[in-house]
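*Asks:* Could you have a look at this structure, given as C-alpha cells, before my questions?
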2 protein chains.
Amino acid sequence: MGVVRKTKHLEQVLRVFRQSSDPLSARMLLDALPNEVNKSTVYRMLDKLEDDGVIHSFMTLEHIRFYALCKGCSSGQRVDSHAHFQCTSCKRVSCFSDEIVLPIPEKARITSVQVLFTGQCQSCLS
Amino acid sequence: MGVVRKTKHLEQVLRVFRQSSDPLSARMLLDALPNEVNKSTVYRMLDKLEDDGVIHSFMTLEHIRFYALCKGCSSGQRVDSHAHFQCTSCKRVSCFSDEIVLPIPEKARITSVQVLFTGQCQSCLS
DNA sequence: ACATTGTTGCAACCCAGTTGCATTAATTTT
DNA sequence: AAAATTAATGCAACTGGGTTGCAACAATGT
C-alpha cells in the first residue's frame, strides 16, 4: 500500500531522517519531531515508508527497532547487506559506511540480510 | 556471574536446546519444557547461560529474541559470525550451517556480529 | 544436619508496538 | 469553489515480551 498523501508530518519525518547521520528508533523520532505527534501515527508512517522502500529497519539486542533511510537500496532487487553497529556501553546505533559482501545461501530465496556488529565505540574505549 | 548450581530446570533447558535443531525463543522454550516453569525463571536462566557463553541470542524482525547453543564459539575471543535465517512466510527461525566470514571494521572493538537473513524457505517456496 | 546463598515463583510492573474507531484533512469530482 | 471521497490522525485501550522486588525454597560446603 504505502504512503499516498503528502502530509506535514510526513515531510517532517523525512527531514528528521535526512538530518540524522544515525538510524533512529520510533521513540527518538517522536522526540525529534518539532510538534506533538501521536505515537501510533509515527509507527504507521514508519511502516508505510518501509513498505515503500524509503527506509529499512533492524532490531538491536535491546529489542528496539531502528530505522534508517535506504540510500543505495534499489527497492527492486533488495539484498542490501548494509551493516549497523551498536555500542554496548553508550547504546548508540550507527551505520557502517562499508558495504558488507555476503555469500547468499542457495537454500532459500533471500530477500534481505541484516548485520549488526556490537562492541565498544571509539569514544567509549578511551 | 552466570550459572552456579545445577538444578533440574537447568538440565531440562539444556536438554531442550540440544534436542532442537533450530534456535528457540523464551516462549518456545517455555512450551517445550516438560514441567511448568515460571517465565521469570526461564528468562533468568537464559540470561545466565548467555553470560556464561553457553548460548547466544539474536533478535528477529518481529522483535523476539531467539537463543541457540554456542557450538563452535570459544567463549574467549568471540566474534562468532554465525548466521541465522527467518522465513517471512512461516516465521520459522533456523541456523545457517556455513560460517560467514565478515570483515571486522577497525573503528571499534567488535565483540560480536549477528547476521540475520530473511526470505522464503524451501517449503514455503513450493 | 545446619547454615549459606543461589534459584524459583509470584504478582506487579515497564515499554515497544498494535488496533478499533471516530474525527480531521488531503485529493478528486462535480 | 464546494462537495464527496478516502487516507491520515489522535485517542484510549490493549497485547505481549521482558524485568523486578521479595518471600519461599533448595543446592552446596562444612
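Chain labels A, B, ... are given in the sequence in which chains occur in the C-alpha cells; within each chain residues are numbered consecutively from 1, and ligands are likewise numbered from 1 in the order shown.
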Set the distance at 12 Å and use only C-alpha atoms (C1' of nucleotides): which residues neighbour C:DA12 once local chain neighbours fewer than 4 positions away are removed? I'd like the list as a PDB file with N, CA and C atoms (P, O5', C5', C4', C3', O3' and C1' of nucleotides), in the first residue's frame.
*Replies:*
ATOM      1  P    DT D  19      14.799  -9.141  30.113  1.00  0.00           P
ATOM      2  O5'  DT D  19      14.048  -8.314  31.252  1.00  0.00           O
ATOM      3  C5'  DT D  19      13.786  -6.943  31.039  1.00  0.00           C
ATOM      4  C4'  DT D  19      13.363  -6.290  32.341  1.00  0.00           C
ATOM      5  C3'  DT D  19      14.256  -6.610  33.547  1.00  0.00           C
ATOM      6  O3'  DT D  19      14.464  -5.386  34.239  1.00  0.00           O
ATOM      7  C1'  DT D  19      12.001  -7.153  34.046  1.00  0.00           C
ATOM      8  P    DT D  20      15.530  -5.333  35.463  1.00  0.00           P
ATOM      9  O5'  DT D  20      14.587  -5.343  36.743  1.00  0.00           O
ATOM     10  C5'  DT D  20      13.385  -4.579  36.731  1.00  0.00           C
ATOM     11  C4'  DT D  20      12.757  -4.617  38.109  1.00  0.00           C
ATOM     12  C3'  DT D  20      13.696  -5.012  39.254  1.00  0.00           C
ATOM     13  O3'  DT D  20      13.299  -4.308  40.418  1.00  0.00           O
ATOM     14  C1'  DT D  20      11.920  -6.543  39.133  1.00  0.00           C
ATOM     15  P    DG D  21      14.364  -3.996  41.598  1.00  0.00           P
ATOM     16  O5'  DG D  21      13.475  -4.255  42.895  1.00  0.00           O
ATOM     17  C5'  DG D  21      12.098  -3.889  42.880  1.00  0.00           C
ATOM     18  C4'  DG D  21      11.370  -4.554  44.031  1.00  0.00           C
ATOM     19  C3'  DG D  21      12.249  -4.929  45.226  1.00  0.00           C
ATOM     20  O3'  DG D  21      11.490  -4.739  46.414  1.00  0.00           O
ATOM     21  C1'  DG D  21      11.319  -6.897  44.274  1.00  0.00           C
ATOM     22  P    DC D  22      12.112  -4.994  47.857  1.00  0.00           P
ATOM     23  O5'  DC D  22      11.423  -6.373  48.258  1.00  0.00           O
ATOM     24  C5'  DC D  22      10.040  -6.592  47.948  1.00  0.00           C
ATOM     25  C4'  DC D  22       9.646  -8.010  48.309  1.00  0.00           C
ATOM     26  C3'  DC D  22      10.488  -8.617  49.441  1.00  0.00           C
ATOM     27  O3'  DC D  22       9.646  -9.374  50.290  1.00  0.00           O
ATOM     28  C1'  DC D  22      10.533 -10.026  47.578  1.00  0.00           C
TER      29       DC D  22
END
*Asks:* How would chain A read as a compact mmCIF listing (two decimals) with N, CA, C and O atoms, in the first residue's frame after a least-squares superposition onto chain B over every Cα atom, matched in order?
*Replies:*
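Wrote it out as part.txt, contents follow:
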# COMPACT_ATOMS: atom_id res chain seq x y z
N MET A 1 28.51 -13.22 36.34
CA MET A 1 28.06 -14.08 37.43
C MET A 1 27.81 -15.49 36.90
O MET A 1 28.60 -16.38 37.11
N GLY A 2 26.71 -15.68 36.23
CA GLY A 2 26.44 -16.96 35.56
C GLY A 2 25.81 -18.00 36.45
O GLY A 2 25.45 -17.74 37.60
N VAL A 3 25.68 -19.18 35.90
CA VAL A 3 25.00 -20.27 36.61
C VAL A 3 25.93 -20.87 37.64
O VAL A 3 27.09 -21.11 37.38
N VAL A 4 25.41 -21.11 38.82
CA VAL A 4 26.23 -21.65 39.90
C VAL A 4 25.77 -23.05 40.30
O VAL A 4 26.57 -23.93 40.54
N ARG A 5 24.45 -23.22 40.38
CA ARG A 5 23.93 -24.49 40.88
C ARG A 5 23.28 -25.30 39.77
O ARG A 5 22.66 -24.75 38.88
N LYS A 6 23.42 -26.60 39.91
CA LYS A 6 22.80 -27.48 38.91
C LYS A 6 21.40 -27.87 39.35
O LYS A 6 21.22 -28.75 40.20
N THR A 7 20.42 -27.23 38.79
CA THR A 7 19.05 -27.54 39.18
C THR A 7 18.39 -28.40 38.11
O THR A 7 18.91 -28.55 37.01
N LYS A 8 17.24 -28.94 38.46
CA LYS A 8 16.52 -29.78 37.49
C LYS A 8 16.14 -28.97 36.25
O LYS A 8 16.27 -29.42 35.12
N HIS A 9 15.64 -27.75 36.51
CA HIS A 9 15.23 -26.89 35.41
C HIS A 9 16.37 -26.65 34.43
O HIS A 9 16.19 -26.70 33.22
N LEU A 10 17.53 -26.37 34.98
CA LEU A 10 18.67 -26.09 34.13
C LEU A 10 18.99 -27.26 33.22
O LEU A 10 19.20 -27.09 32.02
N GLU A 11 18.99 -28.45 33.79
CA GLU A 11 19.27 -29.64 32.99
C GLU A 11 18.24 -29.80 31.88
O GLU A 11 18.57 -30.12 30.75
N GLN A 12 16.98 -29.54 32.24
CA GLN A 12 15.92 -29.68 31.26
C GLN A 12 16.06 -28.66 30.13
O GLN A 12 15.86 -28.98 28.96
N VAL A 13 16.43 -27.44 30.50
CA VAL A 13 16.62 -26.40 29.49
C VAL A 13 17.71 -26.81 28.51
O VAL A 13 17.54 -26.73 27.29
N LEU A 14 18.82 -27.29 29.05
CA LEU A 14 19.93 -27.68 28.18
C LEU A 14 19.54 -28.85 27.29
O LEU A 14 19.93 -28.91 26.13
N ARG A 15 18.75 -29.76 27.85
CA ARG A 15 18.32 -30.91 27.06
C ARG A 15 17.44 -30.45 25.88
O ARG A 15 17.62 -30.91 24.75
N VAL A 16 16.54 -29.51 26.17
CA VAL A 16 15.67 -29.00 25.10
C VAL A 16 16.52 -28.35 24.00
O VAL A 16 16.29 -28.59 22.82
N PHE A 17 17.50 -27.57 24.39
CA PHE A 17 18.35 -26.93 23.40
C PHE A 17 19.09 -27.96 22.57
O PHE A 17 19.21 -27.84 21.35
N ARG A 18 19.60 -28.99 23.23
CA ARG A 18 20.38 -30.00 22.51
C ARG A 18 19.50 -30.76 21.53
O ARG A 18 19.94 -31.14 20.46
N GLN A 19 18.25 -30.95 21.92
CA GLN A 19 17.35 -31.72 21.05
C GLN A 19 16.77 -30.90 19.91
O GLN A 19 16.17 -31.44 18.99
N SER A 20 16.93 -29.58 19.98
CA SER A 20 16.36 -28.73 18.94
C SER A 20 17.41 -28.35 17.91
O SER A 20 18.49 -27.88 18.26
N SER A 21 17.06 -28.53 16.66
CA SER A 21 18.01 -28.13 15.62
C SER A 21 17.93 -26.63 15.37
O SER A 21 18.86 -26.02 14.87
N ASP A 22 16.81 -26.03 15.75
CA ASP A 22 16.61 -24.60 15.51
C ASP A 22 16.80 -23.80 16.79
O ASP A 22 16.62 -24.32 17.88
N PRO A 23 17.11 -22.53 16.63
CA PRO A 23 17.12 -21.62 17.78
C PRO A 23 15.72 -21.53 18.37
O PRO A 23 14.72 -21.76 17.69
N LEU A 24 15.65 -21.17 19.65
CA LEU A 24 14.36 -21.13 20.35
C LEU A 24 14.15 -19.76 20.99
O LEU A 24 15.09 -19.13 21.47
N SER A 25 12.89 -19.35 21.03
CA SER A 25 12.54 -18.17 21.80
C SER A 25 12.20 -18.60 23.22
O SER A 25 12.00 -19.78 23.49
N ALA A 26 12.11 -17.63 24.12
CA ALA A 26 11.75 -17.94 25.51
C ALA A 26 10.40 -18.66 25.57
O ALA A 26 10.23 -19.63 26.30
N ARG A 27 9.48 -18.18 24.76
CA ARG A 27 8.15 -18.78 24.72
C ARG A 27 8.19 -20.23 24.26
O ARG A 27 7.56 -21.12 24.85
N MET A 28 8.96 -20.48 23.18
CA MET A 28 9.06 -21.84 22.66
C MET A 28 9.70 -22.75 23.70
O MET A 28 9.28 -23.90 23.88
N LEU A 29 10.70 -22.23 24.38
CA LEU A 29 11.37 -23.00 25.42
C LEU A 29 10.40 -23.32 26.54
O LEU A 29 10.31 -24.46 27.02
N LEU A 30 9.65 -22.32 26.94
CA LEU A 30 8.65 -22.47 28.00
C LEU A 30 7.67 -23.59 27.65
O LEU A 30 7.34 -24.45 28.48
N ASP A 31 7.24 -23.61 26.39
CA ASP A 31 6.29 -24.63 25.96
C ASP A 31 6.93 -26.00 25.84
O ASP A 31 6.26 -27.02 26.02
N ALA A 32 8.23 -26.02 25.58
CA ALA A 32 8.91 -27.30 25.35
C ALA A 32 9.33 -27.97 26.66
O ALA A 32 9.58 -29.17 26.68
N LEU A 33 9.40 -27.21 27.72
CA LEU A 33 9.84 -27.80 28.98
C LEU A 33 8.79 -28.78 29.53
O LEU A 33 7.59 -28.49 29.45
N PRO A 34 9.25 -29.91 30.07
CA PRO A 34 8.32 -30.97 30.50
C PRO A 34 7.38 -30.54 31.63
O PRO A 34 6.21 -30.90 31.62
N ASN A 35 7.88 -29.81 32.61
CA ASN A 35 6.99 -29.37 33.67
C ASN A 35 6.86 -27.84 33.68
O ASN A 35 7.65 -27.14 33.06
N GLU A 36 5.86 -27.37 34.37
CA GLU A 36 5.60 -25.93 34.44
C GLU A 36 6.78 -25.18 35.05
O GLU A 36 7.24 -25.51 36.13
N VAL A 37 7.25 -24.21 34.36
CA VAL A 37 8.31 -23.35 34.88
C VAL A 37 7.85 -21.91 34.71
O VAL A 37 7.24 -21.56 33.69
N ASN A 38 8.12 -21.10 35.69
CA ASN A 38 7.74 -19.70 35.61
C ASN A 38 8.56 -18.98 34.54
O ASN A 38 9.74 -19.25 34.37
N LYS A 39 7.92 -18.04 33.86
CA LYS A 39 8.64 -17.39 32.76
C LYS A 39 9.81 -16.55 33.26
O LYS A 39 10.84 -16.47 32.59
N SER A 40 9.69 -15.96 34.45
CA SER A 40 10.82 -15.20 34.99
C SER A 40 12.03 -16.11 35.15
O SER A 40 13.15 -15.73 34.82
N THR A 41 11.76 -17.30 35.64
CA THR A 41 12.84 -18.27 35.82
C THR A 41 13.52 -18.58 34.50
O THR A 41 14.75 -18.61 34.41
N VAL A 42 12.70 -18.78 33.47
CA VAL A 42 13.27 -19.10 32.17
C VAL A 42 14.13 -17.94 31.67
O VAL A 42 15.27 -18.14 31.23
N TYR A 43 13.62 -16.74 31.76
CA TYR A 43 14.40 -15.59 31.30
C TYR A 43 15.71 -15.47 32.08
O TYR A 43 16.76 -15.16 31.52
N ARG A 44 15.63 -15.72 33.38
CA ARG A 44 16.84 -15.62 34.18
C ARG A 44 17.86 -16.69 33.82
O ARG A 44 19.06 -16.42 33.73
N MET A 45 17.37 -17.90 33.57
CA MET A 45 18.30 -18.97 33.16
C MET A 45 18.95 -18.61 31.82
O MET A 45 20.16 -18.78 31.65
N LEU A 46 18.14 -18.10 30.90
CA LEU A 46 18.68 -17.75 29.59
C LEU A 46 19.74 -16.66 29.72
O LEU A 46 20.80 -16.74 29.09
N ASP A 47 19.47 -15.67 30.54
CA ASP A 47 20.45 -14.60 30.76
C ASP A 47 21.78 -15.15 31.25
O ASP A 47 22.84 -14.81 30.75
N LYS A 48 21.67 -16.02 32.23
CA LYS A 48 22.89 -16.55 32.83
C LYS A 48 23.64 -17.44 31.87
O LYS A 48 24.86 -17.38 31.77
N LEU A 49 22.89 -18.26 31.14
CA LEU A 49 23.55 -19.13 30.16
C LEU A 49 24.25 -18.30 29.10
O LEU A 49 25.33 -18.67 28.61
N GLU A 50 23.66 -17.18 28.76
CA GLU A 50 24.30 -16.32 27.76
C GLU A 50 25.55 -15.66 28.35
O GLU A 50 26.57 -15.57 27.67
N ASP A 51 25.45 -15.24 29.60
CA ASP A 51 26.62 -14.68 30.28
C ASP A 51 27.78 -15.66 30.28
O ASP A 51 28.93 -15.30 30.11
N ASP A 52 27.43 -16.92 30.51
CA ASP A 52 28.46 -17.97 30.57
C ASP A 52 28.96 -18.40 29.20
O ASP A 52 29.85 -19.23 29.11
N GLY A 53 28.35 -17.85 28.13
CA GLY A 53 28.79 -18.21 26.79
C GLY A 53 28.30 -19.57 26.34
O GLY A 53 28.83 -20.15 25.39
N VAL A 54 27.31 -20.10 27.03
CA VAL A 54 26.77 -21.41 26.65
C VAL A 54 25.81 -21.25 25.48
O VAL A 54 25.78 -22.06 24.56
N ILE A 55 25.03 -20.19 25.52
CA ILE A 55 24.13 -19.90 24.40
C ILE A 55 24.38 -18.46 23.93
O ILE A 55 25.04 -17.68 24.62
N HIS A 56 23.89 -18.16 22.74
CA HIS A 56 23.95 -16.78 22.27
C HIS A 56 22.57 -16.40 21.77
O HIS A 56 21.73 -17.26 21.50
N SER A 57 22.32 -15.12 21.67
CA SER A 57 20.98 -14.69 21.28
C SER A 57 21.03 -13.69 20.14
O SER A 57 22.06 -13.09 19.87
N PHE A 58 19.92 -13.54 19.47
CA PHE A 58 19.78 -12.56 18.40
C PHE A 58 18.31 -12.20 18.28
O PHE A 58 17.44 -12.95 18.72
N MET A 59 18.04 -11.06 17.68
CA MET A 59 16.66 -10.59 17.56
C MET A 59 16.13 -10.84 16.16
O MET A 59 16.83 -10.62 15.18
N THR A 60 14.90 -11.26 16.08
CA THR A 60 14.27 -11.37 14.75
C THR A 60 13.57 -10.04 14.44
O THR A 60 13.47 -9.18 15.30
N LEU A 61 13.11 -9.93 13.22
CA LEU A 61 12.46 -8.68 12.82
C LEU A 61 11.14 -8.48 13.55
O LEU A 61 10.64 -7.37 13.63
N GLU A 62 10.57 -9.52 14.11
CA GLU A 62 9.36 -9.40 14.93
C GLU A 62 9.69 -9.04 16.38
O GLU A 62 8.88 -9.24 17.27
N HIS A 63 10.87 -8.53 16.59
CA HIS A 63 11.37 -8.17 17.92
C HIS A 63 11.13 -9.26 18.96
O HIS A 63 10.61 -9.02 20.04
N ILE A 64 11.52 -10.46 18.58
CA ILE A 64 11.52 -11.56 19.53
C ILE A 64 12.94 -12.09 19.59
O ILE A 64 13.61 -12.24 18.57
N ARG A 65 13.39 -12.36 20.80
CA ARG A 65 14.75 -12.83 20.97
C ARG A 65 14.79 -14.34 20.85
O ARG A 65 13.99 -15.04 21.45
N PHE A 66 15.74 -14.83 20.06
CA PHE A 66 15.93 -16.26 19.93
C PHE A 66 17.29 -16.64 20.51
O PHE A 66 18.23 -15.85 20.47
N TYR A 67 17.35 -17.86 21.03
CA TYR A 67 18.57 -18.34 21.66
C TYR A 67 19.00 -19.65 21.01
O TYR A 67 18.15 -20.47 20.65
N ALA A 68 20.31 -19.83 20.90
CA ALA A 68 20.83 -21.09 20.39
C ALA A 68 22.12 -21.45 21.11
O ALA A 68 22.81 -20.56 21.61
N LEU A 69 22.42 -22.73 21.16
CA LEU A 69 23.66 -23.18 21.78
C LEU A 69 24.85 -22.62 21.01
O LEU A 69 24.83 -22.56 19.79
N CYS A 70 25.89 -22.21 21.74
CA CYS A 70 27.14 -21.81 21.11
C CYS A 70 27.94 -23.06 20.84
O CYS A 70 28.59 -23.57 21.74
N LYS A 71 27.88 -23.55 19.61
CA LYS A 71 28.60 -24.79 19.36
C LYS A 71 30.08 -24.56 19.19
O LYS A 71 30.90 -25.09 19.92
N GLY A 72 30.41 -23.73 18.22
CA GLY A 72 31.83 -23.53 17.97
C GLY A 72 32.43 -22.37 18.74
O GLY A 72 33.65 -22.25 18.81
N CYS A 73 31.55 -21.51 19.32
CA CYS A 73 32.08 -20.28 19.88
C CYS A 73 33.02 -20.53 21.04
O CYS A 73 32.60 -20.97 22.09
N SER A 74 34.29 -20.24 20.86
CA SER A 74 35.18 -20.19 22.01
C SER A 74 34.81 -18.93 22.77
O SER A 74 34.80 -17.85 22.22
N SER A 75 34.48 -19.09 24.03
CA SER A 75 33.90 -17.95 24.74
C SER A 75 34.93 -16.86 25.02
O SER A 75 34.61 -15.79 25.48
N GLY A 76 36.19 -17.15 24.76
CA GLY A 76 37.20 -16.11 24.95
C GLY A 76 37.11 -15.05 23.86
O GLY A 76 36.45 -14.04 24.03
N GLN A 77 37.75 -15.31 22.73
CA GLN A 77 37.70 -14.36 21.61
C GLN A 77 36.49 -14.71 20.76
O GLN A 77 36.54 -15.54 19.86
N ARG A 78 35.37 -14.05 21.07
CA ARG A 78 34.14 -14.45 20.42
C ARG A 78 33.68 -13.43 19.39
O ARG A 78 33.00 -12.48 19.71
N VAL A 79 34.07 -13.61 18.17
CA VAL A 79 33.48 -12.84 17.09
C VAL A 79 32.78 -13.86 16.21
O VAL A 79 33.20 -14.17 15.11
N ASP A 80 31.71 -14.41 16.79
CA ASP A 80 31.10 -15.52 16.09
C ASP A 80 30.09 -15.00 15.08
O ASP A 80 29.06 -14.48 15.40
N SER A 81 30.50 -15.08 13.85
CA SER A 81 29.71 -14.53 12.77
C SER A 81 28.73 -15.57 12.22
O SER A 81 28.44 -15.62 11.05
N HIS A 82 28.32 -16.39 13.09
CA HIS A 82 27.32 -17.40 12.85
C HIS A 82 26.03 -16.73 12.39
O HIS A 82 25.58 -15.78 13.02
N ALA A 83 25.45 -17.19 11.31
CA ALA A 83 24.28 -16.51 10.77
C ALA A 83 22.99 -17.28 10.98
O ALA A 83 23.00 -18.50 11.15
N HIS A 84 21.89 -16.56 10.98
CA HIS A 84 20.58 -17.18 11.13
C HIS A 84 19.67 -16.78 9.99
O HIS A 84 19.95 -15.84 9.25
N PHE A 85 18.60 -17.51 9.87
CA PHE A 85 17.65 -17.25 8.80
C PHE A 85 16.24 -17.29 9.34
O PHE A 85 15.90 -18.15 10.16
N GLN A 86 15.42 -16.35 8.90
CA GLN A 86 14.01 -16.41 9.26
C GLN A 86 13.16 -16.34 8.01
O GLN A 86 13.34 -15.46 7.16
N CYS A 87 12.23 -17.28 7.90
CA CYS A 87 11.32 -17.30 6.76
C CYS A 87 10.21 -16.30 7.02
O CYS A 87 9.56 -16.31 8.06
N THR A 88 9.99 -15.43 6.06
CA THR A 88 8.97 -14.39 6.23
C THR A 88 7.56 -14.96 6.15
O THR A 88 6.62 -14.32 6.60
N SER A 89 7.43 -16.15 5.58
CA SER A 89 6.10 -16.75 5.50
C SER A 89 5.76 -17.54 6.75
O SER A 89 4.80 -17.23 7.44
N CYS A 90 6.56 -18.55 7.07
CA CYS A 90 6.21 -19.41 8.20
C CYS A 90 6.85 -18.92 9.50
O CYS A 90 6.60 -19.49 10.56
N LYS A 91 7.68 -17.89 9.43
CA LYS A 91 8.30 -17.27 10.61
C LYS A 91 9.32 -18.15 11.31
O LYS A 91 9.86 -17.79 12.36
N ARG A 92 9.53 -19.33 10.76
CA ARG A 92 10.47 -20.24 11.42
C ARG A 92 11.89 -19.70 11.35
O ARG A 92 12.30 -19.11 10.35
N VAL A 93 12.62 -19.93 12.43
CA VAL A 93 13.99 -19.45 12.52
C VAL A 93 14.93 -20.63 12.52
O VAL A 93 14.68 -21.63 13.18
N SER A 94 16.01 -20.54 11.75
CA SER A 94 16.97 -21.64 11.74
C SER A 94 18.39 -21.10 11.68
O SER A 94 18.62 -19.93 11.41
N CYS A 95 19.34 -22.01 11.91
CA CYS A 95 20.75 -21.64 11.84
C CYS A 95 21.26 -21.91 10.44
O CYS A 95 20.83 -22.85 9.78
N PHE A 96 22.20 -21.11 10.01
CA PHE A 96 22.89 -21.41 8.76
C PHE A 96 24.11 -22.22 9.08
O PHE A 96 24.89 -21.87 9.98
N SER A 97 24.27 -23.28 8.34
CA SER A 97 25.40 -24.16 8.64
C SER A 97 26.72 -23.50 8.28
O SER A 97 27.70 -23.61 9.01
N ASP A 98 26.75 -22.80 7.18
CA ASP A 98 28.00 -22.18 6.75
C ASP A 98 28.38 -21.02 7.66
O ASP A 98 27.54 -20.19 8.00
N GLU A 99 29.63 -21.00 8.04
CA GLU A 99 30.13 -19.84 8.76
C GLU A 99 30.29 -18.69 7.79
O GLU A 99 30.74 -18.87 6.66
N ILE A 100 29.90 -17.52 8.22
CA ILE A 100 30.03 -16.34 7.38
C ILE A 100 31.34 -15.63 7.72
O ILE A 100 31.64 -15.41 8.89
N VAL A 101 32.09 -15.31 6.70
CA VAL A 101 33.33 -14.58 6.94
C VAL A 101 33.06 -13.10 6.72
O VAL A 101 32.62 -12.68 5.66
N LEU A 102 33.29 -12.33 7.76
CA LEU A 102 32.98 -10.91 7.68
C LEU A 102 34.23 -10.09 7.95
O LEU A 102 35.04 -10.44 8.80
N PRO A 103 34.39 -9.03 7.19
CA PRO A 103 35.50 -8.12 7.45
C PRO A 103 35.20 -7.33 8.73
O PRO A 103 34.16 -6.70 8.85
N ILE A 104 36.06 -7.44 9.72
CA ILE A 104 35.85 -6.73 10.97
C ILE A 104 36.39 -5.30 10.84
O ILE A 104 37.55 -5.10 10.54
N PRO A 105 35.51 -4.34 11.03
CA PRO A 105 35.93 -2.95 10.86
C PRO A 105 36.93 -2.52 11.91
O PRO A 105 36.93 -3.02 13.04
N GLU A 106 37.77 -1.58 11.53
CA GLU A 106 38.85 -1.12 12.40
C GLU A 106 38.37 -0.14 13.45
O GLU A 106 38.95 -0.03 14.53
N LYS A 107 37.35 0.58 13.10
CA LYS A 107 36.93 1.76 13.88
C LYS A 107 36.59 1.45 15.34
O LYS A 107 36.70 2.31 16.19
N ALA A 108 36.11 0.27 15.63
CA ALA A 108 35.65 -0.02 16.98
C ALA A 108 36.15 -1.39 17.41
O ALA A 108 36.65 -2.16 16.60
N ARG A 109 36.06 -1.67 18.69
CA ARG A 109 36.42 -2.99 19.18
C ARG A 109 35.20 -3.89 19.12
O ARG A 109 34.36 -3.89 20.03
N ILE A 110 35.09 -4.63 18.05
CA ILE A 110 33.91 -5.46 17.82
C ILE A 110 33.99 -6.72 18.67
O ILE A 110 35.02 -7.40 18.70
N THR A 111 32.92 -7.04 19.37
CA THR A 111 32.92 -8.27 20.16
C THR A 111 31.97 -9.31 19.61
O THR A 111 32.11 -10.49 19.89
N SER A 112 30.97 -8.88 18.85
CA SER A 112 30.12 -9.89 18.22
C SER A 112 29.44 -9.33 16.98
O SER A 112 29.33 -8.13 16.81
N VAL A 113 29.04 -10.23 16.14
CA VAL A 113 28.36 -9.86 14.91
C VAL A 113 27.15 -10.75 14.78
O VAL A 113 27.24 -11.96 14.94
N GLN A 114 26.01 -10.17 14.54
CA GLN A 114 24.87 -11.01 14.26
C GLN A 114 24.39 -10.77 12.83
O GLN A 114 24.32 -9.64 12.37
N VAL A 115 24.08 -11.87 12.17
CA VAL A 115 23.65 -11.81 10.79
C VAL A 115 22.31 -12.54 10.68
O VAL A 115 22.20 -13.69 11.11
N LEU A 116 21.33 -11.84 10.18
CA LEU A 116 20.02 -12.47 10.00
C LEU A 116 19.56 -12.32 8.56
O LEU A 116 19.30 -11.21 8.09
N PHE A 117 19.49 -13.45 7.87
CA PHE A 117 18.93 -13.46 6.52
C PHE A 117 17.42 -13.61 6.63
O PHE A 117 16.93 -14.34 7.49
N THR A 118 16.70 -12.92 5.78
CA THR A 118 15.25 -13.16 5.72
C THR A 118 14.84 -13.40 4.28
O THR A 118 15.48 -12.93 3.34
N GLY A 119 13.78 -14.15 4.13
CA GLY A 119 13.29 -14.51 2.81
C GLY A 119 12.37 -15.70 2.94
O GLY A 119 11.81 -15.92 4.01
N GLN A 120 12.22 -16.45 1.86
CA GLN A 120 11.31 -17.59 1.94
C GLN A 120 12.09 -18.89 1.93
O GLN A 120 13.01 -19.08 1.13
N CYS A 121 11.69 -19.78 2.82
CA CYS A 121 12.38 -21.06 2.91
C CYS A 121 11.88 -22.01 1.83
O CYS A 121 10.88 -21.74 1.17
N GLN A 122 12.58 -23.10 1.67
CA GLN A 122 12.27 -24.11 0.65
C GLN A 122 10.80 -24.52 0.65
O GLN A 122 10.13 -24.46 -0.38
N SER A 123 10.31 -24.90 1.83
CA SER A 123 8.96 -25.45 1.86
C SER A 123 7.90 -24.38 1.61
O SER A 123 6.82 -24.70 1.09
N CYS A 124 8.19 -23.13 1.95
CA CYS A 124 7.21 -22.08 1.67
C CYS A 124 7.26 -21.65 0.21
O CYS A 124 6.30 -21.07 -0.31
N LEU A 125 8.36 -21.94 -0.45
CA LEU A 125 8.49 -21.56 -1.86
C LEU A 125 7.67 -22.49 -2.75
O LEU A 125 7.11 -22.07 -3.76
N SER A 126 7.59 -23.76 -2.35
CA SER A 126 6.94 -24.75 -3.23
C SER A 126 5.44 -24.86 -2.97
O SER A 126 4.87 -24.16 -2.18
*Asks:* Using only C-alpha atoms (C1' of nucleotides), which residues of chain D come within 8 Å of chain B, and what is the closest atom pair for each, with the distance in Å to one decimal? Give it as JSON lines, sorted by chain and residue number.
*Replies:*
{"residue": "D:DG17", "atom": "C1'", "partner": "B:Ile64", "partner_atom": "CA", "distance": 7.2}
{"residue": "D:DG18", "atom": "C1'", "partner": "B:Tyr43", "partner_atom": "CA", "distance": 7.8}
{"residue": "D:DA27", "atom": "C1'", "partner": "B:Arg5", "partner_atom": "CA", "distance": 6.4}
{"residue": "D:DT28", "atom": "C1'", "partner": "B:Arg5", "partner_atom": "CA", "distance": 8.0}
*Asks:* Any chance you could list, as a list in words, the residues in stretch 26-100 of chain B that come up alpha helix (DSSP H) when DSSP is run on the backbone?
*Replies:*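 Filtering stretch 26-100 of chain B to alpha helix (DSSP H) leaves Ala26, Arg27, Met28, Leu29, Leu30, Asp31, Ala32, Lys39, Ser40, Thr41, Val42, Tyr43, Arg44, Met45, Leu46, Asp47, Lys48, Leu49, Glu50 and Asp51 of chain B.
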*Asks:* Mind dumping a table of every chain C residue within 10 Å of chain A, with the nearest atom pair and its distance in Å to one decimal, using only C-alpha atoms (C1' of nucleotides), sorted by chain and rising number, as a Markdown table?
*Replies:*
| residue | atom | partner | partner_atom | distance |
| --- | --- | --- | --- | --- |
| C:DA16 | C1' | A:Ile64 | CA | 7.1 |
| C:DG17 | C1' | A:Tyr43 | CA | 7.8 |
| C:DT18 | C1' | A:Ser40 | CA | 8.2 |
| C:DT19 | C1' | A:Ser40 | CA | 9.7 |
| C:DA25 | C1' | A:Thr7 | CA | 9.0 |
| C:DA26 | C1' | A:Arg5 | CA | 6.5 |
| C:DT27 | C1' | A:Arg5 | CA | 8.2 |
*Asks:* For a test of reading the model, state the distance in Å between atom C1' of D:DA4 and atom C1' of C:DA22, rounded to one decimal.
*Replies:*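 Pair atom C1' of D:DA4 / atom C1' of C:DA22 returns 18.5 Å.
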*Asks:* When you draw a straight line from atom C1' of C:DC13 to atom C1' of D:DC11, how long is it in Å?
*Replies:* 23.1 Å
